[in-house]
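What follows is structure15.txt (compact mmCIF, C-alpha atoms and all ligand atoms).
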# COMPACT_ATOMS: atom_id res chain seq x y z
CA MET A 1 112.48 141.50 25.47
CA PRO A 2 116.25 141.31 26.10
CA MET A 3 117.54 140.99 29.65
CA PRO A 4 118.78 144.21 31.32
CA PRO A 5 122.37 144.91 30.17
CA ASP A 6 123.56 145.49 33.76
CA PRO A 7 121.78 142.86 35.86
CA GLU A 8 123.44 143.86 39.15
CA ALA A 9 122.30 147.48 38.82
CA PHE A 10 118.84 146.28 37.82
CA ILE A 11 118.66 143.98 40.86
CA GLU A 12 119.72 146.77 43.21
CA GLN A 13 117.07 149.05 41.70
CA VAL A 14 114.27 146.48 42.04
CA LEU A 15 115.24 145.34 45.54
CA GLY A 16 115.61 148.96 46.62
CA ASP A 17 112.16 149.86 45.29
CA GLU A 18 110.71 146.78 46.96
CA GLU A 19 112.36 147.69 50.24
CA ARG A 20 111.24 151.31 50.16
CA TYR A 21 107.83 151.10 48.51
CA LEU A 22 106.47 147.54 48.58
CA ASN A 23 107.32 145.36 51.55
CA THR A 24 110.39 146.25 53.59
CA SER A 25 110.51 143.23 55.87
CA LEU A 26 109.80 140.77 53.06
CA ALA A 27 112.61 142.34 51.02
CA HIS A 28 114.97 141.90 53.99
CA LEU A 29 113.84 138.31 54.52
CA MET A 30 114.40 137.46 50.84
CA ARG A 31 117.92 138.88 50.96
CA PHE A 32 118.60 136.93 54.16
CA MET A 33 117.42 133.71 52.48
CA GLY A 34 119.80 134.31 49.59
CA LEU A 35 117.01 135.33 47.22
CA ASP A 36 118.80 138.56 46.28
CA THR A 37 117.86 138.37 42.64
CA VAL A 38 114.95 139.26 40.38
CA GLU A 39 112.92 136.89 38.23
CA TRP A 40 112.78 137.76 34.56
CA GLU A 41 111.17 135.10 32.39
CA GLY A 42 109.58 131.70 32.56
CA GLU A 43 108.97 128.85 30.16
CA GLY A 44 107.41 125.55 31.19
CA ALA A 45 109.05 124.33 34.38
CA ILE A 46 111.93 126.82 34.09
CA LEU A 47 112.14 130.22 35.72
CA ARG A 48 115.10 132.42 34.72
CA ASP A 49 116.43 135.35 36.76
CA VAL A 50 118.07 138.50 35.38
CA ARG A 51 121.51 137.00 35.85
CA GLY A 52 120.45 134.18 33.52
CA LYS A 53 120.41 131.57 36.30
CA GLU A 54 117.78 128.92 35.72
CA TYR A 55 115.59 127.33 38.37
CA ILE A 56 113.28 124.35 38.07
CA ASP A 57 110.21 126.04 39.44
CA CYS A 58 108.41 124.07 42.16
CA SER A 59 107.02 127.24 43.73
CA GLY A 60 104.14 129.58 42.96
CA TYR A 61 101.85 128.27 45.75
CA GLY A 62 100.18 125.93 43.30
CA VAL A 63 99.38 128.43 40.54
CA LEU A 64 101.67 126.88 37.94
CA PHE A 65 100.12 123.53 37.06
CA HIS A 66 100.57 124.42 33.38
CA GLY A 67 104.06 125.82 33.90
CA HIS A 68 105.12 129.32 32.91
CA SER A 69 103.62 131.00 29.87
CA HIS A 70 101.89 127.92 28.50
CA PRO A 71 101.72 128.71 24.74
CA ARG A 72 98.07 127.75 24.36
CA VAL A 73 96.99 129.90 27.32
CA VAL A 74 99.17 132.84 26.25
CA ARG A 75 97.74 132.68 22.72
CA ALA A 76 94.16 132.58 24.00
CA VAL A 77 94.77 135.59 26.24
CA GLN A 78 96.54 137.56 23.52
CA GLU A 79 93.74 136.92 21.02
CA GLN A 80 91.09 137.84 23.57
CA ALA A 81 92.98 141.00 24.62
CA ALA A 82 93.18 142.15 21.03
CA ARG A 83 89.42 141.72 20.57
CA LEU A 84 87.63 142.37 23.90
CA ALA A 85 89.61 142.50 27.14
CA ILE A 86 87.03 143.91 29.50
CA SER A 87 83.32 143.29 29.50
CA SER A 88 80.67 146.01 29.38
CA ARG A 89 78.90 144.03 32.10
CA MET A 90 75.68 144.97 30.33
CA LEU A 91 75.85 142.29 27.61
CA PRO A 92 76.80 138.65 28.14
CA HIS A 93 80.12 137.48 26.73
CA ALA A 94 81.14 134.09 25.43
CA PRO A 95 84.28 133.35 27.51
CA ALA A 96 82.43 133.47 30.86
CA ALA A 97 79.46 131.45 29.63
CA THR A 98 81.71 128.87 27.96
CA LEU A 99 83.99 128.48 30.97
CA ALA A 100 80.96 128.16 33.28
CA ARG A 101 79.61 125.38 31.06
CA MET A 102 82.99 123.63 31.01
CA LEU A 103 83.16 123.78 34.82
CA GLY A 104 79.56 122.58 35.14
CA GLU A 105 80.52 119.60 32.99
CA ALA A 106 83.92 118.95 34.61
CA THR A 107 83.02 119.29 38.30
CA PRO A 108 81.71 116.22 40.13
CA GLY A 109 78.05 115.22 40.46
CA ASP A 110 75.37 117.82 39.91
CA LEU A 111 77.54 120.88 40.58
CA GLN A 112 76.34 123.29 37.93
CA TYR A 113 76.27 127.07 38.49
CA THR A 114 79.47 129.10 38.73
CA PHE A 115 80.32 132.54 40.10
CA PHE A 116 83.62 134.01 38.88
CA CYS A 117 85.89 136.21 40.95
CA ASN A 118 89.57 137.09 40.97
CA SER A 119 91.27 135.11 43.74
CA GLY A 120 91.01 132.14 46.06
CA ALA A 121 90.00 134.20 49.07
CA GLU A 122 87.17 135.78 47.09
CA ALA A 123 85.95 132.34 46.05
CA VAL A 124 85.78 131.31 49.71
CA GLU A 125 84.09 134.60 50.67
CA GLY A 126 81.41 134.04 48.06
CA ALA A 127 80.92 130.42 49.05
CA ILE A 128 80.36 131.23 52.73
CA LYS A 129 78.00 134.07 51.81
CA LEU A 130 76.01 131.69 49.61
CA ALA A 131 75.91 129.07 52.38
CA ARG A 132 74.64 131.58 54.92
CA ALA A 133 72.03 132.96 52.55
CA ARG A 134 70.84 129.49 51.55
CA THR A 135 70.62 128.05 55.06
CA ARG A 136 69.93 131.26 57.01
CA ARG A 137 72.23 129.84 59.68
CA PRO A 138 75.26 131.61 61.20
CA GLY A 139 77.67 128.77 61.97
CA LEU A 140 80.79 127.80 60.03
CA ILE A 141 83.07 124.88 60.84
CA ALA A 142 86.66 124.93 59.58
CA THR A 143 89.81 123.07 60.57
CA GLU A 144 92.95 123.66 62.59
CA GLY A 145 95.86 124.42 60.28
CA GLY A 146 93.51 125.13 57.38
CA PHE A 147 94.04 128.03 54.99
CA HIS A 148 91.35 129.77 52.97
CA GLY A 149 92.78 133.21 52.18
CA LYS A 150 93.24 136.45 54.07
CA THR A 151 90.18 138.61 53.42
CA LEU A 152 88.14 139.12 56.60
CA GLY A 153 85.63 136.29 56.08
CA ALA A 154 88.10 133.75 54.75
CA LEU A 155 90.58 134.76 57.46
CA ALA A 156 88.02 133.88 60.13
CA LEU A 157 88.37 130.27 58.92
CA ASN A 158 92.16 130.32 59.06
CA GLY A 159 93.52 127.57 61.25
CA LYS A 160 96.49 129.55 62.53
CA ALA A 161 95.89 132.14 65.28
CA PHE A 162 99.00 134.11 64.23
CA TYR A 163 97.18 135.36 61.11
CA ARG A 164 93.80 135.92 62.80
CA ASP A 165 94.71 137.58 66.08
CA PRO A 166 95.59 141.12 64.90
CA PHE A 167 92.24 141.38 63.11
CA GLU A 168 89.83 140.03 65.75
CA PRO A 169 86.90 140.20 66.10
CA LEU A 170 86.40 138.37 62.80
CA LEU A 171 83.22 136.55 61.70
CA PRO A 172 81.20 135.25 64.65
CA GLY A 173 79.97 131.65 64.59
CA VAL A 174 83.22 130.05 63.38
CA ARG A 175 84.49 126.91 65.09
CA LEU A 176 87.73 125.10 64.31
CA VAL A 177 88.06 121.33 64.70
CA PRO A 178 91.15 119.13 64.26
CA PHE A 179 91.67 118.22 60.60
CA GLY A 180 91.18 114.55 59.77
CA ASP A 181 89.16 113.78 62.91
CA ALA A 182 85.77 112.64 61.63
CA ALA A 183 84.27 112.24 65.11
CA ALA A 184 85.22 115.79 66.14
CA LEU A 185 83.75 117.12 62.93
CA ALA A 186 80.52 115.18 63.32
CA ALA A 187 80.15 116.39 66.91
CA ALA A 188 80.55 120.03 65.80
CA VAL A 189 77.95 119.99 63.02
CA ASP A 190 74.48 120.81 64.32
CA GLU A 191 71.39 122.73 63.17
CA THR A 192 73.10 126.11 63.68
CA VAL A 193 75.80 125.34 61.12
CA ALA A 194 75.53 126.83 57.62
CA ALA A 195 78.58 125.03 56.25
CA VAL A 196 81.65 122.96 56.87
CA VAL A 197 84.62 124.36 54.93
CA LEU A 198 87.42 121.88 54.19
CA GLU A 199 90.44 121.48 51.99
CA PRO A 200 90.44 117.85 50.74
CA ILE A 201 94.20 117.91 51.42
CA GLN A 202 95.49 120.80 53.51
CA GLY A 203 98.06 122.73 51.49
CA GLU A 204 99.43 125.59 53.59
CA ALA A 205 99.35 123.36 56.69
CA GLY A 206 102.10 121.35 54.98
CA VAL A 207 100.37 118.81 52.73
CA ILE A 208 98.20 117.05 55.30
CA ILE A 209 96.30 114.12 53.78
CA PRO A 210 93.27 113.09 55.87
CA PRO A 211 92.52 109.44 56.63
CA ASP A 212 90.42 107.50 54.12
CA GLY A 213 86.71 108.07 54.67
CA TYR A 214 87.13 111.59 56.11
CA LEU A 215 85.40 113.44 53.28
CA GLN A 216 82.60 110.86 53.23
CA ALA A 217 82.15 111.35 56.99
CA ALA A 218 82.06 115.13 56.51
CA ARG A 219 79.43 114.72 53.80
CA ALA A 220 77.32 112.51 56.08
CA ALA A 221 77.62 114.91 59.04
CA CYS A 222 76.48 117.81 56.85
CA ASP A 223 73.57 115.82 55.43
CA ARG A 224 72.42 114.81 58.94
CA ALA A 225 72.32 118.42 60.13
CA GLY A 226 71.18 120.09 56.90
CA ALA A 227 74.50 121.96 56.66
CA LEU A 228 76.35 122.53 53.38
CA LEU A 229 79.73 121.07 52.53
CA ILE A 230 82.13 123.56 50.96
CA LEU A 231 85.32 122.06 49.56
CA ASP A 232 88.11 124.56 49.11
CA GLU A 233 90.06 123.26 46.12
CA VAL A 234 91.77 126.57 45.47
CA GLN A 235 95.13 124.81 45.78
CA THR A 236 94.29 121.14 45.17
CA GLY A 237 91.97 121.76 42.22
CA ILE A 238 92.68 121.89 38.48
CA GLY A 239 94.93 118.87 38.41
CA ARG A 240 97.40 119.50 41.20
CA THR A 241 96.84 116.11 42.89
CA GLY A 242 96.58 114.12 39.63
CA THR A 243 92.80 114.33 39.24
CA LEU A 244 91.00 117.49 38.12
CA PHE A 245 89.66 117.89 41.67
CA ALA A 246 91.16 116.20 44.72
CA CYS A 247 87.72 115.14 46.01
CA GLU A 248 87.12 112.90 42.97
CA PRO A 249 88.67 109.67 44.31
CA SER A 250 86.45 109.93 47.42
CA GLY A 251 83.26 110.07 45.34
CA VAL A 252 82.09 112.95 47.57
CA VAL A 253 80.18 115.76 45.84
CA PRO A 254 80.32 119.00 47.81
CA ASP A 255 77.50 121.56 47.74
CA ILE A 256 79.96 124.27 46.77
CA LEU A 257 83.41 123.80 45.24
CA CYS A 258 85.94 126.66 45.38
CA MET A 259 88.81 126.96 42.93
CA ALA A 260 91.35 129.56 41.74
CA LYS A 261 95.15 129.36 41.27
CA SER A 262 95.76 127.03 38.28
CA LEU A 263 92.35 127.78 36.77
CA GLY A 264 94.11 130.76 35.15
CA GLY A 265 96.57 128.43 33.40
CA GLY A 266 99.51 130.19 35.07
CA VAL A 267 98.77 133.31 33.04
CA MET A 268 95.73 135.12 34.49
CA PRO A 269 94.30 135.54 38.00
CA ILE A 270 90.85 133.99 38.33
CA GLY A 271 88.77 132.44 41.10
CA ALA A 272 85.44 130.65 41.00
CA PHE A 273 82.96 128.65 42.99
CA THR A 274 80.55 126.14 41.52
CA ALA A 275 77.40 125.02 43.36
CA ARG A 276 74.49 122.63 43.09
CA PRO A 277 71.29 124.05 41.61
CA ASP A 278 69.33 123.86 44.85
CA VAL A 279 72.06 125.73 46.76
CA TRP A 280 72.12 128.50 44.14
CA GLN A 281 68.60 129.71 45.03
CA PRO A 282 69.60 133.00 46.76
CA PHE A 283 71.60 134.03 43.67
CA ASP A 284 68.66 133.05 41.42
CA GLU A 285 66.29 135.20 43.42
CA ASN A 286 68.53 138.25 43.22
CA PRO A 287 71.20 138.31 40.49
CA PHE A 288 72.82 141.41 42.05
CA ILE A 289 73.16 140.04 45.57
CA HIS A 290 76.79 139.04 44.99
CA THR A 291 78.79 140.74 42.23
CA SER A 292 82.35 141.57 41.15
CA THR A 293 83.31 144.12 38.49
CA PHE A 294 86.33 142.19 37.26
CA GLY A 295 85.09 138.70 38.16
CA GLY A 296 84.67 136.59 35.03
CA ASN A 297 86.31 139.12 32.74
CA PRO A 298 86.93 137.91 29.19
CA LEU A 299 90.72 137.71 29.56
CA ALA A 300 90.65 135.58 32.70
CA CYS A 301 87.95 133.31 31.29
CA ALA A 302 89.82 132.89 27.99
CA ALA A 303 92.79 131.73 30.08
CA GLY A 304 90.52 129.35 32.04
CA ILE A 305 89.10 127.80 28.88
CA ALA A 306 92.56 127.26 27.40
CA ALA A 307 93.79 125.89 30.74
CA LEU A 308 91.05 123.23 30.87
CA GLU A 309 91.54 122.38 27.18
CA ALA A 310 95.28 121.98 27.71
CA ILE A 311 94.70 119.62 30.64
CA ARG A 312 92.42 117.46 28.51
CA GLU A 313 94.28 117.54 25.21
CA GLU A 314 97.84 117.35 26.54
CA GLY A 315 97.19 114.60 29.08
CA LEU A 316 98.34 116.81 31.95
CA LEU A 317 96.52 114.77 34.62
CA GLU A 318 98.37 111.61 33.58
CA LYS A 319 101.62 113.56 33.49
CA ALA A 320 100.95 114.94 36.98
CA LYS A 321 100.39 111.42 38.30
CA ALA A 322 103.51 110.01 36.64
CA ARG A 323 105.88 112.84 37.56
CA GLY A 324 104.37 113.06 41.05
CA ALA A 325 104.96 109.33 41.64
CA GLN A 326 108.53 109.61 40.33
CA MET A 327 109.31 112.60 42.54
CA LEU A 328 107.68 111.16 45.66
CA ALA A 329 109.53 107.84 45.31
CA GLY A 330 112.86 109.68 44.99
CA LEU A 331 112.12 111.91 47.98
CA GLU A 332 111.00 108.98 50.12
CA ALA A 333 114.33 107.28 49.50
CA ILE A 334 116.16 110.46 50.58
CA ALA A 335 114.02 110.71 53.72
CA ALA A 336 114.74 107.06 54.53
CA ASP A 337 118.49 107.78 54.31
CA HIS A 338 118.30 110.99 56.36
CA PRO A 339 115.36 110.86 58.77
CA GLU A 340 117.33 113.19 61.08
CA VAL A 341 116.80 115.93 58.47
CA VAL A 342 113.58 114.82 56.71
CA PRO A 343 111.46 112.77 59.13
CA GLU A 344 108.59 112.49 56.66
CA VAL A 345 107.57 113.15 53.06
CA ARG A 346 103.92 113.34 52.01
CA GLY A 347 102.28 113.91 48.68
CA ARG A 348 99.63 113.26 46.15
CA GLY A 349 100.27 114.04 42.50
CA LEU A 350 102.34 117.21 42.32
CA LEU A 351 101.47 118.47 45.81
CA ILE A 352 104.42 117.32 47.89
CA GLY A 353 105.67 118.33 51.33
CA LEU A 354 108.87 117.53 53.19
CA ASP A 355 108.94 117.85 56.98
CA ILE A 356 112.25 119.37 58.00
CA ALA A 357 113.46 118.44 61.47
CA SER A 358 114.40 121.94 62.67
CA GLN A 359 114.36 125.56 61.60
CA ALA A 360 118.15 125.69 61.39
CA LEU A 361 118.26 122.63 59.14
CA GLY A 362 115.44 124.15 57.08
CA GLY A 363 117.51 127.29 56.48
CA VAL A 364 120.51 125.30 55.25
CA PHE A 365 118.31 122.99 53.16
CA MET A 366 116.51 125.88 51.44
CA SER A 367 119.69 127.76 50.67
CA GLU A 368 121.41 124.62 49.29
CA LEU A 369 118.35 123.85 47.17
CA LEU A 370 118.29 127.38 45.73
CA ASP A 371 122.02 127.17 44.96
CA ARG A 372 121.31 123.97 43.03
CA GLY A 373 118.61 125.66 40.95
CA VAL A 374 115.39 124.37 42.49
CA LEU A 375 112.77 126.84 43.68
CA PRO A 376 110.57 125.37 46.45
CA THR A 377 107.47 126.78 48.18
CA ILE A 378 107.20 127.50 51.89
CA SER A 379 104.05 126.50 53.79
CA LEU A 380 102.31 129.57 55.22
CA ASN A 381 100.66 127.78 58.13
CA LYS A 382 103.58 125.47 58.94
CA LEU A 383 107.03 126.79 58.22
CA GLN A 384 108.75 123.46 59.04
CA VAL A 385 107.30 121.97 55.85
CA VAL A 386 109.01 122.76 52.55
CA ARG A 387 106.75 122.04 49.59
CA LEU A 388 107.48 121.10 45.99
CA LEU A 389 104.66 122.07 43.62
CA PRO A 390 106.12 121.55 40.14
CA PRO A 391 104.11 121.97 36.97
CA ALA A 392 102.65 118.98 35.14
CA VAL A 393 104.84 119.88 32.15
CA ILE A 394 108.00 119.08 34.13
CA SER A 395 109.98 116.46 32.22
CA GLU A 396 111.21 113.14 33.56
CA GLU A 397 114.78 114.47 33.42
CA GLN A 398 113.87 117.69 35.26
CA THR A 399 112.08 115.59 37.90
CA ARG A 400 115.23 113.54 38.31
CA GLN A 401 117.24 116.76 38.66
CA VAL A 402 114.91 118.03 41.39
CA VAL A 403 115.29 114.77 43.34
CA GLU A 404 119.06 114.90 42.91
CA ALA A 405 119.18 118.52 44.12
CA VAL A 406 117.01 117.68 47.15
CA GLY A 407 119.28 114.72 47.93
CA ALA A 408 122.39 116.91 47.81
CA ALA A 409 120.75 119.68 49.85
CA VAL A 410 119.60 117.18 52.51
CA ALA A 411 123.10 115.64 52.66
CA ALA A 412 124.63 119.10 53.09
CA ALA A 413 122.18 119.89 55.91
CA ALA A 414 122.86 116.50 57.53
CA ALA A 415 126.60 117.18 57.47
CA MET A 416 126.04 120.43 59.37
CA LYS A 417 123.54 119.03 61.87
CA ASP A 418 125.90 118.69 64.85
CA GLU A 419 127.40 122.12 64.24
CA LEU A 420 123.92 123.69 63.93
CA GLU A 421 122.64 122.01 67.07
CA GLY A 422 125.71 122.95 69.05
CA ALA A 423 125.28 126.57 68.01
N1 LIG B 1 92.26 128.51 49.80
C1 LIG B 1 93.34 127.72 49.76
C2 LIG B 1 93.20 126.25 50.02
C3 LIG B 1 94.60 128.26 49.47
O1 LIG B 1 95.69 127.47 49.45
C4 LIG B 1 94.69 129.64 49.22
C5 LIG B 1 95.99 130.26 48.92
O2 LIG B 1 97.05 129.70 49.12
C6 LIG B 1 93.54 130.42 49.28
C7 LIG B 1 92.33 129.82 49.56
C8 LIG B 1 93.60 131.88 49.03
O3 LIG B 1 93.86 132.17 47.71
P1 LIG B 1 94.35 133.63 47.26
O4 LIG B 1 95.73 133.81 47.81
O5 LIG B 1 94.28 133.59 45.77
O6 LIG B 1 93.38 134.60 47.85
Re-express the file's structure as structure tokens.
Amino acid sequence: MPMPPDPEAFIEQVLGDEERYLNTSLAHLMRFMGLDTVEWEGEGAILRDVRGKEYIDCSGYGVLFHGHSHPRVVRAVQEQAARLAISSRMLPHAPAATLARMLGEATPGDLQYTFFCNSGAEAVEGAIKLARARTRRPGLIATEGGFHGKTLGALALNGKAFYRDPFEPLLPGVRLVPFGDAAALAAAVDETVAAVVLEPIQGEAGVIIPPDGYLQAARAACDRAGALLILDEVQTGIGRTGTLFACEPSGVVPDILCMAKSLGGGVMPIGAFTARPDVWQPFDENPFIHTSTFGGNPLACAAGIAALEAIREEGLLEKAKARGAQMLAGLEAIAADHPEVVPEVRGRGLLIGLDIASQALGGVFMSELLDRGVLPTISLNKLQVVRLLPPAVISEEQTRQVVEAVGAAVAAAAAMKDELEGA
């Protein structure tokens, strides 16, 4: 499809509609941040706007591990759409069964049974329902700064009061503990707790990597108290950190593993949770106790199958490790030169966060980065952290360009530091 002949008129139309009918304050914020344009097409690591400006896309909140419009995923979805897009829900269909088998085989340990839904929050909702039904206990332990989605149940686990407060009372029985503190976690897990819900690396909190041994300690605390361990890999899963699931290097097998985002190959929305056979018992006893009309639809599952095949056959995990290491090394050098702007950089694989010293510097940094054609991701639970979540298909040269753009944007912010702080 050709680009609109008059991009400026098109942009005004879209921004106007957004302002009047979609999200007024977000539209204003985007304009303020210099994002007064409209995205048009994507291919691999490149996103193009209607003016034809290209960005190396490190955004998407972790959905784009495969990059934009991965040909294999697009083809699978197109073929499925032409044949059977939506299931009768009376007969089984192959895409859901096949993808469930692939996940049973690809997830760690004896994780086996999968429930499909349409988003990350829904995956977490289902997982906490399953944990409560299996244990018949009310308690849930989550972590400060953690993010699990914004439906009522998942929101109750959110580690930032700003998002919870307007909707209280949320789920009773939820307790938050500091992330990474094994002793605090162990002290909180008792016989009233159905599950501990953890991200192996916190994403929206700004890429917080827990100390070694934390997941093992969480596993042990759950085992001692008969509680379940739910790992929320909605953001970290499906390759983002360089392994298919971020929990793999720890050797820890959760009772329930949540995923979404890149499971759709950057083409379809899909969420899922996979559990051990013993934990699945409530769903075995009543197959209608937890259902979703669109969950596991043929189109989304066709995308999921192609996404997992692409990871395996195109060596995307190795690419994620290599490009992640290249990018992190470059960013660490920039942070070492300008600690007054970037006090710290953290990352694993292609999940990378830069601490920015102040909000004013963050504003300049973001706008300079956008000008230089790099699209970053903000961190919902910690705005001082700017994240880079590029796809595994990013090339070595594009990775170098991202580092160069970050370096120039940091230098520009550093040059304005005194002025900004005097203001
Ligand atoms: N869990 C984690 C760890 C996430 O990062 C997110 C989204 O960023 C969610 C759950 C919620 O996913 P969704 O926005 O698809 O509901």
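Among the candidate residues A:Ile141, A:Met30, A:Leu111, A:Ala333, the one lying nearest to Ala184 of chain A is A:Ile141, with distances computed using all atoms listed in the file.
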Ligand LIG 1 (chain B): which residues are within 7 Å, counting only C-alpha atoms and all ligand atoms? Reply as an NGL selection string. :A and (61 or 119-122 or 124 or 147-150 or 199 or 202-204 or 232-235 or 260-261)
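Comparing A:Cys301, A:Met327, A:Leu35, A:Ile256 by their smallest distance to Pro269 of chain A, the closest is A:Cys301 (using all atoms listed in the file).
Residues with any atom within 7 Å of segment 307-316 of chain A, counting only C-alpha atoms and excluding same-chain neighbours fewer than 5 positions away, are Val73, Leu263, Gly264, Gly265 and Ala392 of chain A.
Pairwise distance (atom CA of Leu351 of chain A, atom CA of His66 of chain A) equals 13.8 Å.
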In Å, how far is it from atom CA of Gly422 of chain A to atom CA of Leu380 of chain A? 28.0 Å
For Ala97 of chain A, which residue among A:Ala82, A:Ala217, A:Ile305, A:Ala183 is the nearest when counting all atoms listed in the file? A:Ile305
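Atom CA of Gln359 of chain A lies 26.2 Å from atom CA of Arg400 of chain A.
Across A:Leu155, A:Leu228, A:Ala360, A:Pro390, the tightest approach to Pro169 of chain A is made by A:Leu155 when counting only C-alpha atoms.
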Using all atoms listed in the file, the shortest atom-to-atom distance to Val374 of chain A among A:Ala220, A:Val341, A:Ile56, A:Leu185 belongs to A:Ile56
Can you pull out the residues contacting Val385 of chain A? Cut-off 10 Å, using only C-alpha atoms, and skip same-chain residues under 4 positions away; I want them as a compact mmCIF listing (two decimals) with C-alpha atoms, keeping the file's coordinate frame.
# COMPACT_ATOMS: atom_id res chain seq x y z
CA GLU A 204 99.43 125.59 53.59
CA ALA A 205 99.35 123.36 56.69
CA GLY A 206 102.10 121.35 54.98
CA VAL A 207 100.37 118.81 52.73
CA VAL A 342 113.58 114.82 56.71
CA GLU A 344 108.59 112.49 56.66
CA VAL A 345 107.57 113.15 53.06
CA ILE A 352 104.42 117.32 47.89
CA GLY A 353 105.67 118.33 51.33
CA LEU A 354 108.87 117.53 53.19
CA ASP A 355 108.94 117.85 56.98
CA ILE A 356 112.25 119.37 58.00
CA ALA A 357 113.46 118.44 61.47
CA SER A 358 114.40 121.94 62.67
CA GLN A 359 114.36 125.56 61.60
CA GLY A 362 115.44 124.15 57.08
CA THR A 377 107.47 126.78 48.18
CA ILE A 378 107.20 127.50 51.89
CA SER A 379 104.05 126.50 53.79
CA LEU A 380 102.31 129.57 55.22
CA ASN A 381 100.66 127.78 58.13
Would you mind telling me which residue in A:Phe10, A:Phe294, A:Tyr55, A:Phe167 lies nearest to Glu43 of chain A when using all atoms listed in the file? A:Tyr55
For Ala161 of chain A: contacts at 10 Å, all atoms listed in the file, fewer than 4 positions along chain excluded, given as a PyMOL selection string: chain A and resi 144-145+155-156+165-166+168+381
For Asp57 of chain A, work out the shell of residues within 10 Å, counting only C-alpha atoms and skipping chain neighbours fewer than 3 positions away, then give it as a VMD selection string. chain A and resid 42 to 48 54 60 64 67 to 68 373 to 377 388 to 391 394 402
Please produce a file of the residues just selected, as an mmCIF file, in the coordinates of the input, where the atoms kept are C-alpha atoms.
data_model
loop_
_atom_site.group_PDB
_atom_site.id
_atom_site.type_symbol
_atom_site.label_atom_id
_atom_site.label_comp_id
_atom_site.auth_asym_id
_atom_site.auth_seq_id
_atom_site.Cartn_x
_atom_site.Cartn_y
_atom_site.Cartn_z
ATOM 1 C CA GLY A 42 109.580 131.700 32.560
ATOM 2 C CA GLU A 43 108.970 128.850 30.160
ATOM 3 C CA GLY A 44 107.410 125.550 31.190
ATOM 4 C CA ALA A 45 109.050 124.330 34.380
ATOM 5 C CA ILE A 46 111.930 126.820 34.090
ATOM 6 C CA LEU A 47 112.140 130.220 35.720
ATOM 7 C CA ARG A 48 115.100 132.420 34.720
ATOM 8 C CA GLU A 54 117.780 128.920 35.720
ATOM 9 C CA GLY A 60 104.140 129.580 42.960
ATOM 10 C CA LEU A 64 101.670 126.880 37.940
ATOM 11 C CA GLY A 67 104.060 125.820 33.900
ATOM 12 C CA HIS A 68 105.120 129.320 32.910
ATOM 13 C CA GLY A 373 118.610 125.660 40.950
ATOM 14 C CA VAL A 374 115.390 124.370 42.490
ATOM 15 C CA LEU A 375 112.770 126.840 43.680
ATOM 16 C CA PRO A 376 110.570 125.370 46.450
ATOM 17 C CA THR A 377 107.470 126.780 48.180
ATOM 18 C CA LEU A 388 107.480 121.100 45.990
ATOM 19 C CA LEU A 389 104.660 122.070 43.620
ATOM 20 C CA PRO A 390 106.120 121.550 40.140
ATOM 21 C CA PRO A 391 104.110 121.970 36.970
ATOM 22 C CA ILE A 394 108.000 119.080 34.130
ATOM 23 C CA VAL A 402 114.910 118.030 41.390
#
Contact residues around Val279 of chain A with all atoms listed in the file at 12 Å, ignoring same-chain residues under 2 positions, as a VMD selection string: chain A and resid 110 to 114 127 to 136 194 to 195 226 to 230 254 to 257 273 to 277 281 to 285
